[in-house]
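Pasting upload-v4.txt here (compact mmCIF, C-alpha atoms and all ligand atoms):
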# COMPACT_ATOMS: atom_id res chain seq x y z
CA MET H 93 0.00 0.00 0.00
CA THR H 94 1.44 3.32 -1.03
CA ARG H 95 -1.49 5.71 -0.61
CA GLU H 96 -2.75 7.45 2.51
CA TYR H 97 -5.90 6.09 4.13
CA THR H 98 -8.43 7.48 6.57
CA ALA H 99 -10.47 4.84 8.33
CA VAL H 100 -14.12 5.77 8.73
CA ILE H 101 -16.25 3.84 11.17
CA GLN H 102 -20.01 4.13 10.74
CA ALA H 103 -20.97 3.99 14.41
CA GLY H 104 -24.33 5.78 14.26
CA GLY H 105 -27.61 3.96 14.02
CA LYS H 106 -30.13 3.29 16.75
CA GLY H 107 -29.05 -0.23 17.55
CA THR H 108 -32.66 -1.29 18.03
CA ARG H 109 -31.87 -4.96 17.45
CA MET H 110 -29.22 -4.87 20.17
CA ARG H 111 -31.30 -3.22 22.88
CA GLU H 112 -31.39 -6.36 25.02
CA LEU H 113 -27.59 -6.02 25.36
CA THR H 114 -27.15 -2.23 25.41
CA GLY H 115 -30.20 -1.49 27.59
CA ASP H 116 -30.21 1.72 25.57
CA ARG H 117 -27.61 3.07 28.01
CA ILE H 118 -24.63 2.73 25.67
CA PRO H 119 -24.46 2.88 21.88
CA LYS H 120 -23.97 -0.43 20.12
CA PRO H 121 -20.29 0.16 19.15
CA MET H 122 -19.42 0.48 22.85
CA LEU H 123 -20.68 -3.02 23.68
CA GLU H 124 -17.78 -4.99 25.05
CA LEU H 125 -16.41 -8.12 23.45
CA GLY H 126 -13.66 -9.87 25.42
CA GLY H 127 -13.35 -6.79 27.65
CA LYS H 128 -13.10 -4.10 24.94
CA PRO H 129 -15.70 -2.09 23.02
CA MET H 130 -16.40 -3.45 19.54
CA ILE H 131 -15.19 -0.23 17.96
CA GLN H 132 -11.87 -0.47 19.81
CA TRP H 133 -11.15 -3.84 18.19
CA GLN H 134 -11.72 -2.22 14.81
CA VAL H 135 -9.35 0.63 15.62
CA GLU H 136 -6.66 -1.69 16.92
CA ASN H 137 -6.77 -4.01 13.91
CA LEU H 138 -6.27 -1.12 11.52
CA LYS H 139 -3.72 0.68 13.67
CA LYS H 140 -1.55 -2.44 13.57
CA TYR H 141 -1.09 -1.78 9.85
CA GLY H 142 -0.15 1.87 10.21
CA ILE H 143 -3.56 3.51 9.82
CA ARG H 144 -3.64 6.45 12.23
CA GLU H 145 -6.36 8.80 10.94
CA PHE H 146 -9.90 7.87 11.96
CA VAL H 147 -13.29 9.44 11.55
CA PHE H 148 -16.14 8.09 13.66
CA ILE H 149 -19.64 8.76 12.40
CA ILE H 150 -21.71 8.86 15.57
CA GLY H 151 -25.40 9.24 16.28
CA HIS H 152 -27.65 7.93 19.05
CA LEU H 153 -25.74 8.16 22.40
CA GLY H 154 -22.65 9.17 20.43
CA GLU H 155 -21.31 11.28 23.31
CA LYS H 156 -20.41 8.01 25.09
CA VAL H 157 -18.09 7.13 22.24
CA LYS H 158 -16.52 10.59 22.39
CA ASP H 159 -16.07 10.40 26.17
CA TYR H 160 -14.23 7.11 25.82
CA PHE H 161 -11.98 7.83 22.83
CA GLY H 162 -11.54 11.62 22.92
CA ASP H 163 -9.18 12.67 20.13
CA GLY H 164 -7.66 9.19 20.08
CA THR H 165 -4.29 10.12 21.65
CA ALA H 166 -4.69 7.53 24.40
CA PHE H 167 -5.12 4.88 21.68
CA GLY H 168 -2.20 6.02 19.53
CA VAL H 169 -4.42 7.36 16.73
CA HIS H 170 -6.14 10.59 15.74
CA ILE H 171 -9.94 10.59 15.78
CA SER H 172 -12.36 13.18 14.35
CA TYR H 173 -16.12 12.93 14.60
CA VAL H 174 -19.11 13.40 12.35
CA GLU H 175 -22.36 13.74 14.22
CA GLU H 176 -25.25 12.33 12.27
CA ASN H 177 -28.32 13.98 13.76
CA GLU H 178 -30.82 12.33 11.49
CA PRO H 179 -30.28 8.95 9.85
CA LEU H 180 -28.91 9.37 6.31
CA GLY H 181 -28.91 5.75 5.20
CA SER H 182 -25.73 3.71 4.79
CA GLY H 183 -23.89 6.42 2.85
CA GLY H 184 -25.41 9.85 3.50
CA ALA H 185 -22.96 10.93 6.19
CA LEU H 186 -20.00 10.33 3.87
CA CYS H 187 -20.46 13.74 2.24
CA TYR H 188 -19.12 15.31 5.45
CA LEU H 189 -15.82 13.58 4.74
CA LYS H 190 -15.13 15.80 1.73
CA ASP H 191 -13.51 18.43 3.92
CA MET H 192 -11.97 16.00 6.41
CA VAL H 193 -9.89 13.43 4.55
CA GLY H 194 -7.57 15.61 2.47
CA ALA H 195 -6.15 13.58 -0.40
CA SER H 196 -6.50 10.22 1.30
CA ASP H 197 -8.66 7.29 0.25
CA VAL H 198 -11.22 6.02 2.74
CA LEU H 199 -11.50 2.63 4.37
CA LEU H 200 -15.13 2.46 5.46
CA VAL H 201 -16.24 -0.02 8.08
CA PHE H 202 -19.66 -0.57 9.62
CA GLY H 203 -19.73 -0.48 13.41
CA ASP H 204 -21.17 -3.96 13.87
CA VAL H 205 -18.77 -5.71 11.48
CA MET H 206 -16.02 -7.38 13.44
CA PHE H 207 -12.88 -8.38 11.58
CA ASP H 208 -9.25 -9.31 11.74
CA ILE H 209 -7.82 -8.76 8.28
CA ASP H 210 -4.43 -8.29 6.73
CA ALA H 211 -5.37 -4.75 5.68
CA PRO H 212 -2.35 -4.12 3.42
CA ARG H 213 -3.47 -7.03 1.20
CA LEU H 214 -6.89 -5.41 0.75
CA LEU H 215 -5.45 -1.94 0.18
CA GLY H 216 -2.76 -3.29 -2.16
CA PHE H 217 -5.52 -4.90 -4.25
CA HIS H 218 -7.44 -1.61 -4.31
CA GLU H 219 -4.34 0.21 -5.57
CA GLU H 220 -3.35 -2.42 -8.11
CA LYS H 221 -6.87 -2.35 -9.62
CA GLN H 222 -6.95 1.47 -9.50
CA ALA H 223 -10.46 0.98 -8.21
CA GLY H 224 -12.94 3.73 -7.47
CA VAL H 225 -14.60 1.40 -4.96
CA THR H 226 -13.33 -1.89 -3.57
CA LEU H 227 -15.70 -4.11 -1.61
CA LEU H 228 -14.52 -6.84 0.67
CA VAL H 229 -16.44 -9.98 -0.28
CA HIS H 230 -16.43 -13.54 1.00
CA PRO H 231 -18.32 -16.80 0.82
CA ASN H 232 -20.73 -17.52 3.68
CA ALA H 233 -22.89 -20.40 4.93
CA HIS H 234 -26.19 -18.83 3.78
CA PRO H 235 -25.72 -17.16 0.37
CA GLN H 236 -29.38 -17.75 -0.53
CA ASP H 237 -30.49 -15.07 1.94
CA SER H 238 -27.50 -12.73 1.58
CA ASP H 239 -26.76 -9.78 -0.71
CA LEU H 240 -24.53 -11.14 -3.45
CA VAL H 241 -21.84 -9.35 -5.39
CA VAL H 242 -21.68 -10.59 -8.97
CA MET H 243 -18.17 -10.28 -10.41
CA ASP H 244 -16.32 -11.21 -13.57
CA GLU H 245 -13.11 -13.25 -13.73
CA ASN H 246 -10.99 -10.17 -13.03
CA SER H 247 -12.90 -9.37 -9.83
CA LYS H 248 -14.70 -6.49 -11.50
CA VAL H 249 -18.17 -6.07 -9.99
CA LEU H 250 -20.92 -6.39 -12.58
CA ARG H 251 -23.92 -5.91 -10.31
CA PHE H 252 -25.46 -6.49 -6.92
CA ASP H 253 -28.05 -9.16 -6.38
CA PHE H 254 -29.95 -8.28 -3.22
CA ALA H 255 -31.21 -10.95 -0.84
CA LYS H 256 -34.87 -10.21 -1.54
CA ASN H 257 -34.45 -10.92 -5.28
CA GLN H 258 -35.64 -14.17 -6.84
CA ARG H 259 -32.61 -16.05 -8.12
CA ASP H 260 -33.10 -18.39 -11.03
CA TYR H 261 -29.47 -18.78 -12.06
CA TYR H 262 -26.30 -20.38 -10.71
CA TYR H 263 -24.19 -17.91 -8.75
CA ASP H 264 -20.87 -17.71 -6.98
CA ASN H 265 -21.08 -17.65 -3.22
CA CYS H 266 -19.73 -14.13 -2.95
CA VAL H 267 -21.28 -11.95 -0.27
CA ASN H 268 -20.81 -8.28 0.56
CA ALA H 269 -19.10 -8.21 3.97
CA GLY H 270 -19.53 -4.54 4.97
CA ILE H 271 -15.97 -3.24 4.50
CA TYR H 272 -15.25 -0.83 1.64
CA VAL H 273 -12.37 1.16 0.22
CA LEU H 274 -13.41 4.38 -1.52
CA ALA H 275 -11.03 6.35 -3.71
CA ASN H 276 -10.56 10.01 -2.86
CA GLU H 277 -12.34 11.09 -6.10
CA VAL H 278 -15.44 9.17 -5.03
CA ILE H 279 -15.58 11.03 -1.71
CA LYS H 280 -14.91 14.36 -3.42
CA SER H 281 -17.73 13.76 -5.89
CA LEU H 282 -20.39 13.56 -3.16
CA GLY H 283 -23.07 16.24 -2.93
CA GLU H 284 -24.82 17.84 0.02
CA PRO H 285 -25.94 15.81 3.07
CA ALA H 286 -28.95 13.72 2.10
CA PRO H 287 -30.05 10.15 2.64
CA LEU H 288 -27.95 7.90 0.42
CA ASP H 289 -27.77 4.14 0.02
CA LEU H 290 -24.26 2.89 -0.69
CA GLU H 291 -24.99 0.01 -3.05
CA LYS H 292 -28.15 1.30 -4.65
CA GLU H 293 -27.05 4.92 -5.20
CA LEU H 294 -23.45 5.81 -4.39
CA PHE H 295 -21.87 2.86 -6.21
CA ARG H 296 -24.00 3.20 -9.30
CA SER H 297 -21.68 5.55 -11.16
CA ALA H 298 -18.62 3.52 -10.17
CA LEU H 299 -20.42 0.46 -11.59
CA GLU H 300 -21.15 2.24 -14.83
CA ASP H 301 -17.51 3.32 -15.11
CA GLY H 302 -16.36 -0.24 -14.44
CA LYS H 303 -14.29 0.97 -11.49
CA ILE H 304 -15.71 -1.19 -8.74
CA TYR H 305 -13.93 -4.36 -7.66
CA GLY H 306 -14.49 -7.16 -5.17
CA TYR H 307 -11.63 -8.31 -2.96
CA ARG H 308 -12.43 -11.85 -1.94
CA THR H 309 -10.90 -13.07 1.28
CA THR H 310 -11.27 -16.04 3.64
CA GLU H 311 -10.37 -13.92 6.67
CA TYR H 312 -12.59 -13.29 9.67
CA VAL H 313 -15.25 -10.68 8.89
CA LYS H 314 -18.61 -11.07 10.61
CA ASP H 315 -21.67 -9.03 11.34
CA ALA H 316 -22.27 -8.92 15.09
CA GLY H 317 -25.46 -6.88 14.77
CA THR H 318 -27.91 -9.14 16.62
CA PRO H 319 -27.55 -10.52 20.16
CA LYS H 320 -27.18 -14.06 18.83
CA ARG H 321 -24.49 -13.13 16.32
CA PHE H 322 -22.78 -10.93 18.88
CA ARG H 323 -22.39 -13.88 21.24
CA ALA H 324 -21.07 -16.14 18.47
CA VAL H 325 -18.55 -13.50 17.45
CA GLU H 326 -17.41 -13.13 21.06
CA ARG H 327 -17.00 -16.88 21.41
CA GLU H 328 -14.86 -16.95 18.27
CA LEU H 329 -12.75 -14.08 19.59
CA LEU H 330 -12.05 -15.96 22.81
CA GLN H 331 -11.23 -19.13 20.86
CA GLY H 332 -8.65 -17.25 18.79
CA VAL H 333 -10.56 -17.74 15.53
CA TRP H 334 -10.40 -14.08 14.43
CA GLN H 335 -6.64 -13.99 14.55
CA SER H 336 -6.08 -17.46 13.13
CA ARG H 337 -7.95 -16.55 9.94
CA ASN H 338 -5.91 -13.39 9.32
CA LEU H 339 -3.81 -14.12 6.24
CA GLU H 340 -0.69 -13.15 8.13
CA SER H 341 -1.16 -16.50 9.89
CA PRO H 342 -0.52 -19.74 7.95
CA GLN H 343 -3.79 -21.48 7.04
CA LYS H 344 -4.64 -25.17 7.15
CA CYS H 345 -6.40 -26.41 4.07
CA VAL H 346 -8.06 -29.46 2.57
CA PHE H 347 -7.55 -29.51 -1.18
CA LEU H 348 -10.38 -31.42 -2.80
CA ASP H 349 -10.67 -33.25 -6.07
CA ARG H 350 -14.01 -32.61 -7.78
CA ASP H 351 -15.40 -35.47 -9.91
CA GLY H 352 -15.98 -38.65 -7.94
CA THR H 353 -15.08 -36.91 -4.68
CA LEU H 354 -17.63 -34.07 -4.39
CA ASN H 355 -19.96 -34.96 -7.22
CA ILE H 356 -21.08 -38.33 -8.53
CA TYR H 357 -18.61 -39.70 -11.07
CA LYS H 358 -20.02 -39.70 -14.61
CA GLY H 359 -16.83 -39.49 -16.67
CA LEU H 360 -16.24 -36.08 -18.24
CA ILE H 361 -18.90 -33.55 -17.28
CA SER H 362 -19.64 -30.72 -19.68
CA SER H 363 -22.87 -29.14 -18.38
CA PRO H 364 -24.29 -28.08 -14.98
CA GLU H 365 -27.21 -30.52 -15.40
CA GLU H 366 -24.81 -33.45 -15.10
CA LEU H 367 -23.47 -32.31 -11.73
CA GLU H 368 -24.97 -34.09 -8.73
CA LEU H 369 -23.47 -34.09 -5.22
CA GLU H 370 -22.33 -37.29 -3.54
CA ALA H 371 -24.18 -37.99 -0.27
CA GLY H 372 -22.81 -36.20 2.82
CA VAL H 373 -20.59 -33.81 0.86
CA ALA H 374 -22.23 -30.60 2.09
CA GLU H 375 -22.03 -31.84 5.66
CA ALA H 376 -18.35 -32.72 5.17
CA ILE H 377 -17.51 -29.28 3.81
CA ALA H 378 -19.52 -27.53 6.52
CA LEU H 379 -17.41 -29.44 9.06
CA LEU H 380 -14.24 -28.14 7.39
CA ASN H 381 -15.67 -24.61 7.36
CA ALA H 382 -16.46 -24.82 11.08
CA ALA H 383 -13.07 -26.32 11.96
CA GLY H 384 -11.21 -23.45 10.29
CA TYR H 385 -9.86 -25.48 7.36
CA LEU H 386 -9.92 -23.86 3.95
CA ALA H 387 -11.78 -26.04 1.43
CA ILE H 388 -10.37 -25.58 -2.07
CA ILE H 389 -11.17 -27.54 -5.22
CA VAL H 390 -8.26 -28.58 -7.41
CA THR H 391 -9.48 -30.33 -10.55
CA ASN H 392 -8.30 -31.37 -14.01
CA GLN H 393 -10.88 -30.37 -16.61
CA PRO H 394 -9.51 -31.52 -19.97
CA VAL H 395 -13.05 -31.01 -21.28
CA VAL H 396 -11.85 -27.54 -22.31
CA ALA H 397 -8.84 -28.81 -24.29
CA ARG H 398 -11.01 -31.46 -25.91
CA GLY H 399 -13.46 -28.85 -27.07
CA LEU H 400 -16.35 -30.31 -25.05
CA CYS H 401 -16.97 -27.09 -23.20
CA SER H 402 -15.66 -23.56 -22.77
CA MET H 403 -13.91 -22.03 -19.77
CA GLU H 404 -17.13 -20.18 -19.05
CA GLU H 405 -19.13 -23.43 -19.04
CA VAL H 406 -16.73 -24.97 -16.52
CA ARG H 407 -17.24 -21.90 -14.32
CA GLU H 408 -21.00 -22.35 -14.70
CA ILE H 409 -20.69 -25.93 -13.42
CA HIS H 410 -18.72 -24.60 -10.45
CA LYS H 411 -21.41 -22.04 -9.72
CA LYS H 412 -23.97 -24.82 -9.55
CA LEU H 413 -21.71 -26.61 -7.08
CA SER H 414 -21.58 -23.43 -4.94
CA VAL H 415 -25.35 -23.08 -5.00
CA LEU H 416 -25.97 -26.73 -4.03
CA LEU H 417 -23.49 -26.47 -1.16
CA GLY H 418 -24.82 -23.06 -0.07
CA GLU H 419 -28.34 -24.41 0.19
CA GLN H 420 -26.98 -26.86 2.75
CA GLY H 421 -24.90 -24.36 4.73
CA ALA H 422 -21.47 -25.12 3.27
CA TYR H 423 -19.06 -23.14 1.13
CA LEU H 424 -15.84 -23.55 -0.81
CA ASP H 425 -13.07 -21.05 -0.18
CA ASP H 426 -11.71 -21.26 -3.72
CA MET H 427 -11.69 -23.40 -6.86
CA ILE H 428 -9.04 -23.87 -9.50
CA PHE H 429 -9.02 -26.06 -12.58
CA CYS H 430 -6.56 -27.11 -15.28
CA PRO H 431 -8.20 -26.76 -18.71
CA HIS H 432 -5.24 -28.31 -20.54
CA HIS H 433 -4.41 -31.67 -22.01
CA PRO H 434 -1.05 -32.65 -23.48
CA ASP H 435 -2.10 -35.03 -26.29
CA LYS H 436 -3.00 -33.45 -29.61
CA GLY H 437 -4.95 -35.09 -32.42
CA TYR H 438 -8.65 -35.09 -31.44
CA PRO H 439 -10.95 -33.76 -34.19
CA GLU H 440 -12.86 -31.16 -32.16
CA GLU H 441 -10.01 -30.13 -29.84
CA ASN H 442 -9.26 -26.56 -28.73
CA PRO H 443 -5.58 -26.11 -29.74
CA ALA H 444 -4.99 -23.21 -27.33
CA TYR H 445 -5.36 -25.65 -24.42
CA LYS H 446 -3.68 -28.69 -25.99
CA ILE H 447 -0.40 -27.97 -24.33
CA PRO H 448 1.78 -29.49 -21.63
CA CYS H 449 1.45 -27.44 -18.43
CA HIS H 450 2.56 -27.26 -14.83
CA CYS H 451 -1.00 -27.30 -13.49
CA ARG H 452 -2.43 -30.62 -14.64
CA LYS H 453 -2.50 -33.09 -11.72
CA PRO H 454 -0.35 -34.89 -10.62
CA ASP H 455 1.78 -31.81 -11.25
CA THR H 456 1.58 -29.31 -8.42
CA GLY H 457 1.01 -25.94 -10.14
CA MET H 458 -2.56 -25.54 -8.94
CA VAL H 459 -1.76 -26.46 -5.32
CA GLU H 460 1.18 -24.07 -5.36
CA GLU H 461 -0.88 -21.21 -6.76
CA MET H 462 -3.60 -21.69 -4.14
CA ALA H 463 -1.06 -22.17 -1.33
CA GLU H 464 0.60 -18.88 -2.25
CA LYS H 465 -2.70 -17.02 -2.60
CA HIS H 466 -4.14 -18.24 0.72
CA HIS H 467 -0.92 -18.59 2.75
CA VAL H 468 -1.46 -22.32 3.19
CA ASP H 469 0.71 -24.25 5.61
CA ILE H 470 1.43 -27.34 3.48
CA LYS H 471 2.54 -29.51 6.40
CA SER H 472 -0.82 -29.31 8.16
CA SER H 473 -2.89 -29.60 4.97
CA TRP H 474 -4.42 -32.44 2.98
CA PHE H 475 -5.28 -33.59 -0.50
CA VAL H 476 -8.43 -35.71 -0.78
CA GLY H 477 -9.47 -37.47 -3.96
CA ASP H 478 -10.79 -40.64 -5.56
CA THR H 479 -7.85 -41.50 -7.85
CA THR H 480 -4.17 -42.36 -7.60
CA VAL H 481 -3.58 -39.14 -9.57
CA ASP H 482 -4.95 -37.19 -6.60
CA ILE H 483 -2.83 -39.08 -4.10
CA LYS H 484 0.25 -38.61 -6.29
CA THR H 485 -0.53 -34.87 -6.50
CA GLY H 486 -0.79 -34.63 -2.73
CA GLN H 487 2.48 -36.48 -2.28
CA ASN H 488 4.24 -34.37 -4.93
CA ALA H 489 3.09 -31.23 -3.13
CA GLY H 490 4.13 -32.46 0.33
CA LEU H 491 0.56 -32.71 1.64
CA HIS H 492 -1.13 -35.38 3.74
CA THR H 493 -3.30 -37.58 1.53
CA ALA H 494 -6.67 -39.31 1.80
CA LEU H 495 -8.32 -41.59 -0.75
CA VAL H 496 -12.10 -41.83 -0.90
CA LYS H 497 -13.91 -44.95 -2.11
CA THR H 498 -16.48 -43.02 -4.10
CA GLY H 499 -16.00 -42.24 -7.80
CA GLU H 500 -13.10 -44.21 -9.23
CA ALA H 501 -12.25 -45.47 -5.71
CA GLY H 502 -8.50 -45.54 -6.42
CA LYS H 503 -8.93 -48.06 -9.27
CA ASP H 504 -7.70 -45.79 -12.07
CA GLY H 505 -4.37 -47.64 -11.90
CA LYS H 506 -2.22 -44.69 -13.03
CA TYR H 507 0.27 -44.62 -10.14
CA GLU H 508 1.61 -46.99 -7.51
CA VAL H 509 0.80 -44.93 -4.44
CA GLN H 510 -0.55 -45.46 -0.98
CA ALA H 511 -2.68 -42.78 0.66
CA GLU H 512 -2.12 -41.98 4.33
CA LEU H 513 -5.73 -42.71 5.04
CA GLU H 514 -8.62 -44.30 3.21
CA ALA H 515 -12.26 -43.47 3.71
CA GLU H 516 -15.67 -44.57 2.45
CA ASN H 517 -16.55 -41.09 1.22
CA LEU H 518 -15.71 -37.45 1.78
CA LEU H 519 -17.64 -37.15 5.05
CA ASP H 520 -15.78 -40.15 6.45
CA ALA H 521 -12.47 -38.69 5.24
CA VAL H 522 -13.15 -35.30 6.83
CA LYS H 523 -14.14 -36.87 10.14
CA LYS H 524 -10.91 -38.88 10.15
CA ILE H 525 -8.82 -35.81 9.25
CA LEU H 526 -10.41 -33.74 12.01
CA ALA H 527 -10.01 -36.59 14.54
CA GLU H 528 -6.35 -36.92 13.63
CA ARG H 529 -5.75 -33.24 14.32
CA LYS H 530 -7.39 -33.29 17.75
CA PRO H 531 -4.53 -34.51 19.98
CA GLN H 532 -2.09 -31.79 18.82
MG MG U 601 -11.91 -37.54 -9.32
ZN ZN U 602 -2.91 -27.10 -17.00
Would you write the structure of this file as structure tokens?
Amino acid sequence: MTREYTAVIQAGGKGTRMRELTGDRIPKPMLELGGKPMIQWQVENLKKYGIREFVFIIGHLGEKVKDYFGDGTAFGVHISYVEENEPLGSGGALCYLKDMVGASDVLLVFGDVMFDIDAPRLLGFHEEKQAGVTLLVHPNAHPQDSDLVVMDENSKVLRFDFAKNQRDYYYDNCVNAGIYVLANEVIKSLGEPAPLDLEKELFRSALEDGKIYGYRTTEYVKDAGTPKRFRAVERELLQGVWQSRNLESPQKCVFLDRDGTLNIYKGLISSPEELELEAGVAEAIALLNAAGYLAIIVTNQPVVARGLCSMEEVREIHKKLSVLLGEQGAYLDDMIFCPHHPDKGYPEENPAYKIPCHCRKPDTGMVEEMAEKHHVDIKSSWFVGDTTVDIKTGQNAGLHTALVKTGEAGKDGKYEVQAELEAENLLDAVKKILAERKPQ
């Protein structure tokens, strides 16, 4: 990150849903989690990465926030305040920033979103994309009732699909998490104070200009805006989950084969209609999600090289997989596929992909790319698949390996390899992997 940033925390709002915890004596952002106000955790996370300028947008009972933080000196930062006397929607108060942030970009955070993120990664992405607006997005366990961010392959946001909409298409599990980076020009372009909705109004021009991007991360970012969620977030704080998911920390991961492991083996699949989950797969992945393992698909899809389907059609199949898992409360952290095949000479082949490559399993290019991107600790991570090619891949990459007896059940006969553990299916494999980790 090379630019200057002002962090803006939207700490206004009535906090009606949290009244059973606040008793309407303190504003929501001052509720304590693990002995510190929510808003203090936000300040400390960002301060760790060198952000010193803060603006708090305060409203109902805002004087309690001011009494606690003052000008920020006691917390090693500088804090200014915007007092929002009447509610201006999610974005209306931002126009006051015009005269407060100088030439800096703005990192906007909502007061009930708790997070522990490697902020320079997010801000570096924002700068590299030269984005007008960058939204932090992530997969969650209930995409069907969440606001989705629809993006293209370069992370450019195409549109928002709000939770209330009917969805009759396959979508990526990619949810707006409530953390935004706004370029200085965007702030400077705002008009007079008036109610303004961020997604529906403010971001519209950035969308039209193609200058809005989604930064997808697996880090800890959760809404703590209801008493139930607040308690879950506090529990995860005390268990060390927030910190462990920060990408500064090495991540444990289960790399997953696709065909025959997640979905029923039917040879080469070239359309979403052919994709059907194996029994227990959503439950298995939800267990990985809950245990803090990344779940990442690594699959060979020579269907592209053979001319049976396009890159876009493979992505469509993967969206169906996301939707099926999402309906059952599970999500994948990432997916990568090799579209290549080395042997030329098929009549309908796509020559651009008929090349030798470093990604096709059992080569390790895909695992390496994902390990780099997600800071995966190889030694505590696994490869699970239904063929000897998968086991060979895992071994080549230095991962633990598990063979499942679904799909080809290890009978493909390509390599002489022995997996560390064998399991009836993915759910059985995941239970064994999680049991093996327990004693450490
Ligand atoms: Mg397979
Ligand atoms: Zn490849």
Where does region 372-397 of chain H meet region 224-248 of chain H within 12 Å, residue by residue, with the nearest atom pair and distance in Å to one decimal for each, counting all atoms listed in the file, listed by chain and rising number, as CSV?
residue,atom,partner,partner_atom,distance
H:Ala374,CA,H:Ala233,CA,10.6
H:Glu375,CA,H:Ala233,CA,11.5
H:Ile377,CA,H:Ala233,CA,10.4
H:Ala378,CA,H:Ala233,CA,8.0
H:Leu379,CA,H:Ala233,CA,11.3
H:Leu380,CA,H:Ala233,CA,11.9
H:Asn381,CA,H:Ala233,CA,8.7
H:Ala382,CA,H:Ala233,CA,9.9
H:Leu386,CA,H:Pro231,CA,11.4
H:Ala387,CA,H:Pro231,CA,11.3
Please report as a Markdown table every residue of chain H lying within 9 Å of ligand ZN 602 (chain U), along with the nearest atom pair and their distance in Å (one decimal), using all atoms listed in the file.
| residue | atom | partner | partner_atom | distance |
| --- | --- | --- | --- | --- |
| H:Asn392 | CA | U:ZN602 | ZN | 7.5 |
| H:Gln393 | CA | U:ZN602 | ZN | 8.6 |
| H:Pro394 | CA | U:ZN602 | ZN | 8.5 |
| H:Phe429 | CA | U:ZN602 | ZN | 7.6 |
| H:Cys430 | CA | U:ZN602 | ZN | 4.0 |
| H:Pro431 | CA | U:ZN602 | ZN | 5.6 |
| H:His432 | CA | U:ZN602 | ZN | 4.4 |
| H:His433 | CA | U:ZN602 | ZN | 6.9 |
| H:Pro434 | CA | U:ZN602 | ZN | 8.7 |
| H:Tyr445 | CA | U:ZN602 | ZN | 7.9 |
| H:Ile447 | CA | U:ZN602 | ZN | 7.8 |
| H:Pro448 | CA | U:ZN602 | ZN | 7.0 |
| H:Cys449 | CA | U:ZN602 | ZN | 4.6 |
| H:His450 | CA | U:ZN602 | ZN | 5.9 |
| H:Cys451 | CA | U:ZN602 | ZN | 4.0 |
| H:Arg452 | CA | U:ZN602 | ZN | 4.3 |
| H:Lys453 | CA | U:ZN602 | ZN | 8.0 |
| H:Asp455 | CA | U:ZN602 | ZN | 8.8 |
| H:Gly457 | CA | U:ZN602 | ZN | 8.0 |
| H:Met458 | CA | U:ZN602 | ZN | 8.2 |
Residue selection dump (C-alpha atoms) as a PDB file, in the frame of the given file:
ATOM      1  CA  ASN H 392      -8.300 -31.370 -14.010  1.00  0.00           C
ATOM      2  CA  GLN H 393     -10.880 -30.370 -16.610  1.00  0.00           C
ATOM      3  CA  PRO H 394      -9.510 -31.520 -19.970  1.00  0.00           C
ATOM      4  CA  PHE H 429      -9.020 -26.060 -12.580  1.00  0.00           C
ATOM      5  CA  CYS H 430      -6.560 -27.110 -15.280  1.00  0.00           C
ATOM      6  CA  PRO H 431      -8.200 -26.760 -18.710  1.00  0.00           C
ATOM      7  CA  HIS H 432      -5.240 -28.310 -20.540  1.00  0.00           C
ATOM      8  CA  HIS H 433      -4.410 -31.670 -22.010  1.00  0.00           C
ATOM      9  CA  PRO H 434      -1.050 -32.650 -23.480  1.00  0.00           C
ATOM     10  CA  TYR H 445      -5.360 -25.650 -24.420  1.00  0.00           C
ATOM     11  CA  ILE H 447      -0.400 -27.970 -24.330  1.00  0.00           C
ATOM     12  CA  PRO H 448       1.780 -29.490 -21.630  1.00  0.00           C
ATOM     13  CA  CYS H 449       1.450 -27.440 -18.430  1.00  0.00           C
ATOM     14  CA  HIS H 450       2.560 -27.260 -14.830  1.00  0.00           C
ATOM     15  CA  CYS H 451      -1.000 -27.300 -13.490  1.00  0.00           C
ATOM     16  CA  ARG H 452      -2.430 -30.620 -14.640  1.00  0.00           C
ATOM     17  CA  LYS H 453      -2.500 -33.090 -11.720  1.00  0.00           C
ATOM     18  CA  ASP H 455       1.780 -31.810 -11.250  1.00  0.00           C
ATOM     19  CA  GLY H 457       1.010 -25.940 -10.140  1.00  0.00           C
ATOM     20  CA  MET H 458      -2.560 -25.540  -8.940  1.00  0.00           C
TER      21      MET H 458
END
| query | Using all atoms listed in the file, which protein or nucleic acid residues are at most 12 Å from ligand MG 601 (chain U), as a VMD selection string? | reply | chain H and resid 348 to 361 370 389 to 393 453 to 454 475 to 483 495 to 504 518
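Across the structure, CA of Glu408 (chain H) and CA of Tyr438 (chain H) are spaced 24.4 Å apart.
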| If you measure from CA of Phe202 (chain H) to CA of Tyr385 (chain H), what distance in Å do you get, rounded to one decimal? | 26.9 Å
| request: Identify, on the basis of only C-alpha atoms, every residue whose closest approach to Ser297 (chain H) does not exceed 10 Å; exclude the query and any residue fewer than 6 positions from it along the same chain; express the result as a PyMOL selection string. | output: chain H and resi 224+278+303-304
